[in-house]
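**Student:** Got a structure for you, written out below as structure tokens; questions coming shortly.
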2 protein chains.
Amino acid sequence: MSLGTDTTAIDLAERVRQLDDTDLARVDAWWRANNYLTVGQIYLQDNALLREPLRPEHIKPRLLGHWGTSPGLSFLYAHLSRLIRITGQQALYLAGPGHGGPALVAAGWLEGTYSEVYPRVGRDGSGLHRLFRQFSAPGGIPSHVSVTTPGSIHEGGELGYVLVHAFGAVMDNPDLLALAVVGDGEAETGPLEGAWKGISFLNPARDGAVLPVLHLNGAKISGPTVLARKDPAEVRELFSGHGYDVIEVEGSDLPGMHHGFAAALATAWAAIRRIQESARDGGWDGSRPRWPMIVLRTPKGWTGPEVVDGTQVAGTFRAHQVPLSGVKDNPEHLAQLERWMRSYRPDELFDENGTPNADVLAANPAGDLRMSATPHANGGLLTRDLDLPDFRDYAIDVEAPAGTRAESTRKLGELMRDIYARNPDRFRLFSPDETNSNRLGAVFEVSDRAWAEKVYDSDISLSHQGRVMEVLSEHNCHGWLEGYTLTGRHGLFGTYEAFAMVSASQTVQHSKWLEEASHLSWRAKVPSLNILLTSTAWRNDHNGFSHQGPGLIQTVLTQRGTVSRIYLPPDANCLLSVADHCFRSRSYTNLIVIDKQPQLQYLTIDEAIEHCARGAGIWEWAGNDDGTSDPDIVLACAGDVVTMETVAAAQILTERLPHFRTRVVNVVDLMALQRPKDHPHGMEPMLFRELFTDHVDVVFAFHGFPGAIHQVVHGRPDADRFHVRGFIEEGTTTTPFDMTVKNKASRYHLVIDALNNARRTPPGASELKAWCEAQLAKHEQYVVEHLEDMPEVADWVLPARGTAPY
Amino acid sequence: MSLGTDTTAIDLAERVRQLDDTDLARVDAWWRANNYLTVGQIYLQDNALLREPLRPEHIKPRLLGHWGTSPGLSFLYAHLSRLIRITGQQALYLAGPGHGGPALVAAGWLEGTYSEVYPRVGRDGSGLHRLFRQFSAPGGIPSHVSVTTPGSIHEGGELGYVLVHAFGAVMDNPDLLALAVVGDGEAETGPLEGAWKGISFLNPARDGAVLPVLHLNGAKISGPTVLARKDPAEVRELFSGHGYDVIEVEGSDLPGMHHGFAAALATAWAAIRRIQESARDGGWDGSRPRWPMIVLRTPKGWTGPEVVDGTQVAGTFRAHQVPLSGVKDNPEHLAQLERWMRSYRPDELFDENGTPNADVLAANPAGDLRMSATPHANGGLLTRDLDLPDFRDYAIDVEAPAGTRAESTRKLGELMRDIYARNPDRFRLFSPDETNSNRLGAVFEVSDRAWAEKVYDSDISLSHQGRVMEVLSEHNCHGWLEGYTLTGRHGLFGTYEAFAMVSASQTVQHSKWLEEASHLSWRAKVPSLNILLTSTAWRNDHNGFSHQGPGLIQTVLTQRGTVSRIYLPPDANCLLSVADHCFRSRSYTNLIVIDKQPQLQYLTIDEAIEHCARGAGIWEWAGNDDGTSDPDIVLACAGDVVTMETVAAAQILTERLPHFRTRVVNVVDLMALQRPKDHPHGMEPMLFRELFTDHVDVVFAFHGFPGAIHQVVHGRPDADRFHVRGFIEEGTTTTPFDMTVKNKASRYHLVIDALNNARRTPPGASELKAWCEAQLAKHEQYVVEHLEDMPEVADWVLPARGTAPY
């Protein structure tokens with residue numbers, strides 16, 4: 001950014017503050033044009049430029065859309081565009097009140113971007129016609145800001161995330177200003193309220209700035225908002241308490257509001273530049289800057305109908321959607337609509353061809369500085385591959401399968417440590433205070449936790465320069481990573497499995513964003529959203545039932561195959577291979593599930609690479625079917641703990657019933673089990689048959705809820721033959737082995753299942769089943785007795801392979 | 001409550017403020033006893049009373065637990081108990097920093113409640129032995145506050161909900177004070193930050209009070225917290241901005257802190273009583289009261305080891321879990337542990353038998369006033385059945401199946417209106433500002449929206465007396481309802497289907513609470529958590545893909561059958577029957593999914609009652625198999641929109657291929673499809689066979705993701721024959737019919753599926769398939785053309801039965 005010295009910034013801010021008549025005319029014309037286009041999108045299917053008197057047939061048959069928030073959104077957009085024109089600031093606009101879609105669509109159209117990405121919708125009369133008709137119409141565009149809206153990284157759907165997206169976008173983006181408009185409806189949500197604290201993690205020297213504008217227009221769909229009804233002094237206190245310097249602008253008078261807001265924006269921008277320049281000159285004293293924010297109070301539906309049928313509309317919840325209804329059949333409403341639209345003086349705004357006139361166009365910034373065209377909102381354009389070390393260098397030495405134990409995630413921590421070191425500007429780890437707990441702490445060898453609040457001498461791995469993101473909020477972590485990747489950078493969200501559901505709706509909404517984006521050729525692919533779940537249900541030590549829930553797998557399974565990926569690496573080397581793949585991938589939601597506790601290691605790094613590339617494979621060393629196409633049973637598994645149980649079960653079977661042909665199949669890539677038509681990773685039928693045959697029963701030990709496997713094998717030959725053991729919502733504070741017993745997924749259960757479902761009953765089967773039942777009975781007794789005897793809990797973790805514990 | 005007049009409250013508050021030596025000794029003794037028991041639970045397996053020198057064999061083999069927050073929790077508990085003793089206040093204690101489980105368990109034990117509900121753990125030496133050994137041990141109890149902890153309605157697992165639970169608990173509970181301890185870790189979560197606004201919805205005359213105590217001890221697992229590092233002036237501003245009068249207590253000196261906190265609590269309680277008495281005397285001026293809150297700053301791990309191995313521990317994150325490690329093998333640590341434990345002077349606290357001595361016991365309130373024994377925390381004890389009107393009185397008149405359309409949820413609104421009227425003290429509807437949008441607005445005929453902020457004359461259905469809860473926060477709605485039902489009252493959370501995932505983790509955690517509670521005989525059953533999802537994926541009008549997601553079904557399916565219920569009523573009369581059942585039920589999570597738009601009505605109220613009682617049934621009027629056990633195809637459906645498509649498909653088939661035997665089965669109760677061993681609602685095999693046969697293929701049109709059906713029919717005879725159509729994550733802004741086409745679940749797709757999977761190919765099958773393909777082709781063309789022609793969108797909703805639209 002060519003902003004130069006302090007003095008220059010002050011000069012530029014002064015130019016923003018002084019809104020002269022020429023510029024006022026431009027800004028106001030642009031704003032009027034935007035409002036006109038907004039109303040037009042909601043109401044008109046014809047006569048777009050009002051070149052003739054408005055008649056019922058010009059009105060859409062069904063009136064849908066959100067007027068209330070739109071004029072405020074476009075007012076802010078117009079003024080920020082002016083600031084960009086004066087200062088050259090790179091800016092990203094995030095519309096929290098996302099149902100104001102028409103205003104953002106109109107902005108893109110006025111800036112020309114809309115026609116660049118959708119040539120059918122030209123910046124002329126016929127394009128205008130299309131622009132109006134496509135809005136909220138079948139086959140058209142939704143009434144909210146969506147993936148189709150140029151300039152957006154933020155869907156106007158589920159509320160609560162505008163600030164986390166903004167903060168994620170500016171991390172490691174020193175030249176970017178993100179203007180985040182927070183509606184007073186959204187401001188009531190938990191995730192939004194939890195997001196103000198982003199400034200406690202922002203480094204003004206290295207990161208860009210977020211300028212929140214809290215837009216209080218008083219009402220949501222059908223009632224007032226809390227913040228709008230609170231005493232303004234309380235509102236000031238609240239945001240001052242959040243750490244912001246509050247700038248207030250209130251009113252509806254024109255042009256007074258233009259002057260007032262220009263001054264507010266100048267003050268805010270000057271404050272931001274002052275903070276940044278001081279920090280970048282090394283002048284940061286270490287106390288958290290008090291960043292500016294703006295509280296803007298304007299009437300809901302500003303510039304729209306004041307009173308309809310004798311009832312106040314502007315300034316109330318009635319302006320939320322369509323303020324004038326039944327326009328086709330109500331001549332009074334039709335006339336009122338026409339007066340309203342003509343109040344923007346369209347003839348001054350558009351030329352004969354329907355192209356915006358010079359005054360309007362002069363309000364646009366140029367080229368990539370247009371907010372609808374900024375590459376920051378199409379982050380794939382800015383994405384640079386990660387400089388990745390060779391993941392093979394972190395491999396665990398595996399001399400024999402299941403011969404050693406290791407904390408698998410620790411190796412991933414080492415890999416990420418070196419990714420941090422090699423990519424100081426484009427990789428971050430996000431975690432709710434669990435980096436060390438999840439054994440990823442190696443990253444602290446090269447980076448601290450990010451922190452903009454006070455740092456004490458006694459603090460460990462905590463500094464203003466830190467770039468590891470820890471905040472006890474899954475919503476912040478997930479949302480920051482979304483903002484970070486959508487603007488072209490890379491990262492991973494690591495969290496406890498049981499609490500991954502806290503941000504499940506964010507996982508869904510982000511996946512839906514990626515799904516939609518894949519249909520838009522102008523949206524470049526972005527780095528994937530990588531989610532690591534650890535501290536899993538099967539191994540929770542002192543935590544109880546509330547900490548046991550592998551539900552996010554179920555949620556990710558519902559998303560479209562074009563974006564969703566689920567990996568259950570059985571060991572550290574497979575995790576390394578999977579992670580390397582995920583860090584290279586684009587526009588996926590990659591879910592990786594693996595425990596952090598010492599678990600058995602199975603594959604050498606070369607075996608792991610091959611295994612992960614296939615997604616699933618037969619572990620010949622674990623079984624004894626010697627490649628026959630006709631084993632007696634297939635023991636399948638996905639997930640580290642249940643893989644251990646499966647390998648142990650196979651050992652029991654092969655040792656005790658050597659003529660019974662047991663095959664072991666391990667699955668890393670859950671989606672590989674689906675049919676190719678259901679998921680691009682789906683195995684071809686022949687490969688599926690090679691692993692699972694098409695007739696032999698399969699006892700499948702799964703990390704998550706069994707229903708997940710029933711879903712994914714649906715449609716495979718004779719899917720009924722899959723008998724799934726998994727987490728069946730049984731748990732408490734107990735030993736890892738007892739967890740497998742409680743959930744009927746222990747080695748003994750698997751052996752019994754295998755014998756019960758095998759194609760033939762081998763000699764000795766009933767003796768072996770009886771032995772297994774006896775082992776389970778002994779276990780139950782052991783549990784009861786040893787609560788009293790307080791055993792060495794460590795012993796409860798069973799030895800490596802099938803050895804019986806009792 | 002017998003609190004009497006204003007003067008009495010002031011007198012009582014003065015008595016709380018003046019902590020005399022006798023009472024100081026009692027409070028301090030109780031607190032020391034609690035701290036001793038907390039440390040003992042973490043460390044000792046023997047020598048519980050330190051009657052002999054501590055030796056390695058007395059130490060547990062594995063040290064697990066959370067010390068850091070515990071002394072603060074017990075300090076607060078001790079002082080609130082004293083307030084209760086003096087004032088007779090009914091109080092509920094909610095421990096947000098829920099990992100401080102040992103402190104709350106110790107409190108229950110000291111109060112005698114623990115031994116009352118778990119007689120094995122007596123209030124004596126041998127009970128103490130058990131108390132210590134069961135903690136964080138296999139087969140014992142978790143280290144966090146859980147369902148097993150008497151006095152708790154709040155699991156110490158997933159963080160963020162302590163305030164919403166507290167606010168829900170005090171609604172319509174005028175005599176209850178909920179002390180909600182907010183840890184500074186939890187304070188970082190979004191849901192918690194969004195919960196402070198509870199006071200904007202609290203009526204001091206009718207509701208009880210929440211006293212939040214923000215306990216700033218500085219650190220979470222491995223780093224500092226944001227609030228602890230902020231300038232205290234900012235923290236004051238923040239909470240003053242949230243609307244509270246902030247009372248601060250800081251330090252670690254004793255007995256100074258006892259005096260300081262007693263005074264703070266007295267001030268807070270006096271303020272609460274003043275607000276309540278003024279409001280109850282009719283003196284509320286209508287401005288939102290500024291309720292008190294307390295900010296308590298004490299060192300993390302207060303009274304624990306200051307320095308270990310030369311490193312500062314108390315006051316840092318190192319005190320979070322187990323401050324002294326390796327005690328068994330490290331004689332220095334062993335000695336330090338012994339000094340630490342003896343610093344509480346156990347010999348003064350427990351008699352020879354291990355029973356707490358008189359001074360300690362004197363600190364306990366009596367009977368039900370003990371917080372561990374309060375019936376408010378075991379709400380089933382206080383639950384009174386709803387006075388329900390006869391739901392038949394709200395029935396829609398259905399002369400012929402599929403002959404009329406109605407907004408099904410509107411009838412539920414009328415039912416709830418009358419439930420509100422009949423139960424002014426024990427029923428509430430919770431919604432994120434969508435009551436009207438979801439067609440439930442009839443409730444506003446008898447109650448307004450609850451609102452404690454300013455009310456304007458122009459407001460509609462908004463008042464201080466209102467009891468309909470609208471806040472734009474699914475987290476608040478869900479959490480308030482949890483708190484409301486766990487304290488014995490009834491309600492429903494109504495929300496948009498797509499955004500139900502926002503609170504999915506709350507649904508999971510509450511279900512897990514109910515699952516655990518079902519194992520505890522002392523926990524009485526509570527009213528069910530009823531969730532109504534509407535504005536469904538299939539009918540979103542101007543909203544787009546981000547608003548289309550039926551994922552909560554998948555989540556509820558993972559929960560245990562003992563608590564989870566999923567209903568998909570096809571029409572209004574079925575909805576009435578289902579709702580009546582849910583309002584009468586106990587300790588379930590009831591998920592009800594139905595659209596709010598005008599949809600076809602099928603069953604008379606009597607038919608609906610019978611249909612819902614069975615859970616699923618054959619609709620003979622829709623098919624033509626005339627009760628044969630051998631239809632050619634079964635068309636099954638669950639969910640209103642897909643039921644319409646199924647009925648239409650059946651009409652096409654029966655009219656065009658009259659000799660082809662089509663059966664239609666509608667499913668209301670999704671769980672009925674599971675096997676009896678998988679769910680208590682699971683149909684017996686014979687009934688399942690009566691509906692679905694055991695060999696005929698089933699084309700199943702499902703409201704949600706198809707995988708849900710694949711899961712629930714697993715294990716049924718030849719489950720592979722179920723071919724499921726459902727929401728396959730295809731959507732946009734389009735017509736309802738186009739949504740069914742995009743997701744391959746339209747009537748035409750169902751007909752083609754039926755013919756492709758039927759047991760025999762009837763004459764005319766290929767012609768009919770070709771006709772269906774042609775209809776779909778016409779539809780595609782229609783979509784393309786009509787975007788340009790802007791048709792009457794209403795026409796896109798198809799006529800009642802199988803009529804082809806083109």
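If you're wondering about the labels, chains in the structure tokens are A, B, ... by order shown, residues count from 1 in each chain, ligands from 1 in order shown.
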Set the distance at 9 Å and use only C-alpha atoms: which residues neighbour Leu486 in chain A once local chain neighbours fewer than 3 positions away are removed? I'd like the list as a list in words.

**Tutor:**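 The filter keeps Ile153, His165, Gly168, Ala169, His376, Ala377, Asn378, Gly379, Gly380, Leu481, Glu482, Gly483, Arg489, Lys525, Val526, Pro527 and Ser528 of chain A.
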
**Student:** For Pro346 in chain B, find every residue with an atom within 12 Å (counting only C-alpha atoms), except residues of its own chain fewer than 2 positions away, and show them as a PyMOL selection string.

**Tutor:** chain B and resi 29-37+39-40+47-51+338-344+348-352+354-357+360

**Student:** I want to know what sits within 12 Å of Gly282 in chain B, based on only C-alpha atoms, with residues of the same chain fewer than 3 positions away left out; could you give that as a list in words?

**Tutor:**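 Contacts, with the query itself left out: Asn203, Pro204, Ala205, Arg206, Ile275, Gln276, Glu277, Ser278, Ala279, Asp285 and Gly286 of chain B.
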
**Student:** Contacts of Leu176 in chain B at 7 Å or less, counting only C-alpha atoms, minus same-chain residues fewer than 3 places along, as a ChimeraX atom specification?

**Tutor:** /B:90-91,170,173,208-209

**Student:** Looking only at strand (DSSP E or B) from DSSP on the backbone, list the matching residues of range 227-439 of chain B as a VMD selection string.

**Tutor:** chain B and resid 245 to 250 292 to 297 307 to 308 311 to 312 350 356 404 to 407 427 to 431

**Student:** What does the file look like for those residues with C-alpha atoms, as a CSV table (one decimal), in the first residue's frame?

**Tutor:**
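Everything below was put into out.csv:
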```
chain,number,residue,atom,x,y,z
B,245,ASP,CA,-24.2,-2.9,38.4
B,246,VAL,CA,-20.8,-4.3,38.9
B,247,ILE,CA,-19.6,-5.2,42.3
B,248,GLU,CA,-15.9,-6.1,42.5
B,249,VAL,CA,-14.1,-8.2,45.0
B,250,GLU,CA,-10.4,-9.0,44.6
B,292,PRO,CA,-26.2,-6.6,40.2
B,293,MET,CA,-23.3,-8.8,39.2
B,294,ILE,CA,-20.1,-9.6,41.0
B,295,VAL,CA,-16.6,-9.7,39.5
B,296,LEU,CA,-14.5,-11.9,41.8
B,297,ARG,CA,-10.8,-11.9,41.2
B,307,VAL,CA,5.6,-22.6,43.9
B,308,VAL,CA,6.5,-26.1,42.7
B,311,THR,CA,8.1,-22.4,39.3
B,312,GLN,CA,5.1,-20.2,40.2
B,350,PHE,CA,-13.7,-34.1,60.9
B,356,PRO,CA,-17.7,-33.3,59.5
B,404,THR,CA,-57.5,-28.7,0.7
B,405,ARG,CA,-54.4,-26.7,1.7
B,406,ALA,CA,-53.6,-25.2,5.0
B,407,GLU,CA,-50.7,-23.7,6.9
B,427,PHE,CA,-45.5,-22.8,29.6
B,428,ARG,CA,-43.4,-20.7,27.2
B,429,LEU,CA,-42.6,-20.6,23.6
B,430,PHE,CA,-39.1,-19.7,22.6
B,431,SER,CA,-38.2,-18.5,19.1
```

**Student:** Need the shell around Gly466 in chain B: protein/DNA/RNA residues with any atom at most 7 Å away, counting only C-alpha atoms. Skip same-chain ones fewer than 5 positions apart. Format as a ChimeraX atom specification?

**Tutor:** /B:447-451

**Student:** Next, the residues of the selection above should be written as a PDB file, in the first residue's frame with C-alpha atoms.

**Tutor:**
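After the write, result_26.pdb holds the following:
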```pdb
ATOM      1  CA  SER B 447     -49.470 -13.040  25.636  1.00  0.00           C
ATOM      2  CA  ASP B 448     -46.978 -10.504  24.382  1.00  0.00           C
ATOM      3  CA  ARG B 449     -43.323 -10.881  23.683  1.00  0.00           C
ATOM      4  CA  ALA B 450     -41.372 -10.680  26.923  1.00  0.00           C
ATOM      5  CA  TRP B 451     -39.427  -7.425  27.105  1.00  0.00           C
TER       6      TRP B 451
END
```

**Student:** Which residues are close to range 672-684 of chain A, i.e. within 7 Å by only C-alpha atoms, leaving aside same-chain residues fewer than 5 positions away? Reply as an MDAnalysis selection string.

**Tutor:** chainID A and resid 561:562 615 712:713

**Student:** Please produce a file of those selected residues containing C-alpha atoms, as a CSV table (one decimal), in the first residue's frame.

**Tutor:**
```csv
chain,number,residue,atom,x,y,z
A,561,GLY,CA,-19.4,-35.0,-2.3
A,562,THR,CA,-17.8,-32.3,-4.4
A,615,GLY,CA,-8.4,-44.9,0.8
A,712,VAL,CA,-22.2,-45.0,3.0
A,713,VAL,CA,-22.3,-48.7,2.0
```

**Student:** Might you pull out every residue within 10 Å of Glu14 in chain B, with only C-alpha atoms counted and same-chain residues fewer than 6 positions away left off, and present them as a CSV table (one decimal) with C-alpha atoms, in the first residue's frame?

**Tutor:**
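Resulting contents of result.csv:
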```csv
chain,number,residue,atom,x,y,z
B,8,THR,CA,-36.9,-7.0,56.6
B,262,ALA,CA,-19.9,-11.3,52.5
B,263,ALA,CA,-20.4,-7.5,52.0
B,266,ALA,CA,-25.1,-8.6,50.8
B,267,THR,CA,-25.1,-5.6,48.5
B,270,ALA,CA,-30.2,-6.3,48.8
```

**Student:** May I ask for the distance between CA of Pro762 in chain A and CA of Leu635 in chain A, given in Å to one decimal place?

**Tutor:** 16.3 Å

**Student:** Let me make sure I understand: among B:Thr732, B:Thr87, B:Ser70, B:Asn743, which one has the smallest atom-to-atom distance to Arg17 in chain B if we use only C-alpha atoms?

**Tutor:**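 Nearest candidate to Arg17 in chain B out of B:Thr732, B:Thr87, B:Ser70, B:Asn743: B:Thr87.
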
**Student:** For each of A:Ala95, A:Ala219, A:Ala636, A:Leu687, take the minimum atom-to-atom distance to chain B, counting only C-alpha atoms, then give the residue where this is smallest.

**Tutor:**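 That would be A:Ala219, the residue with the smallest distance to chain B.
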
**Student:** Please give the complete set of residues from range 193-335 of chain B that DSSP, run on the backbone, assigns to helix (DSSP H, G or I), formatted as a VMD selection string.

**Tutor:** chain B and resid 193 196 to 201 226 to 229 232 to 241 256 to 280 317 to 319 331 to 335
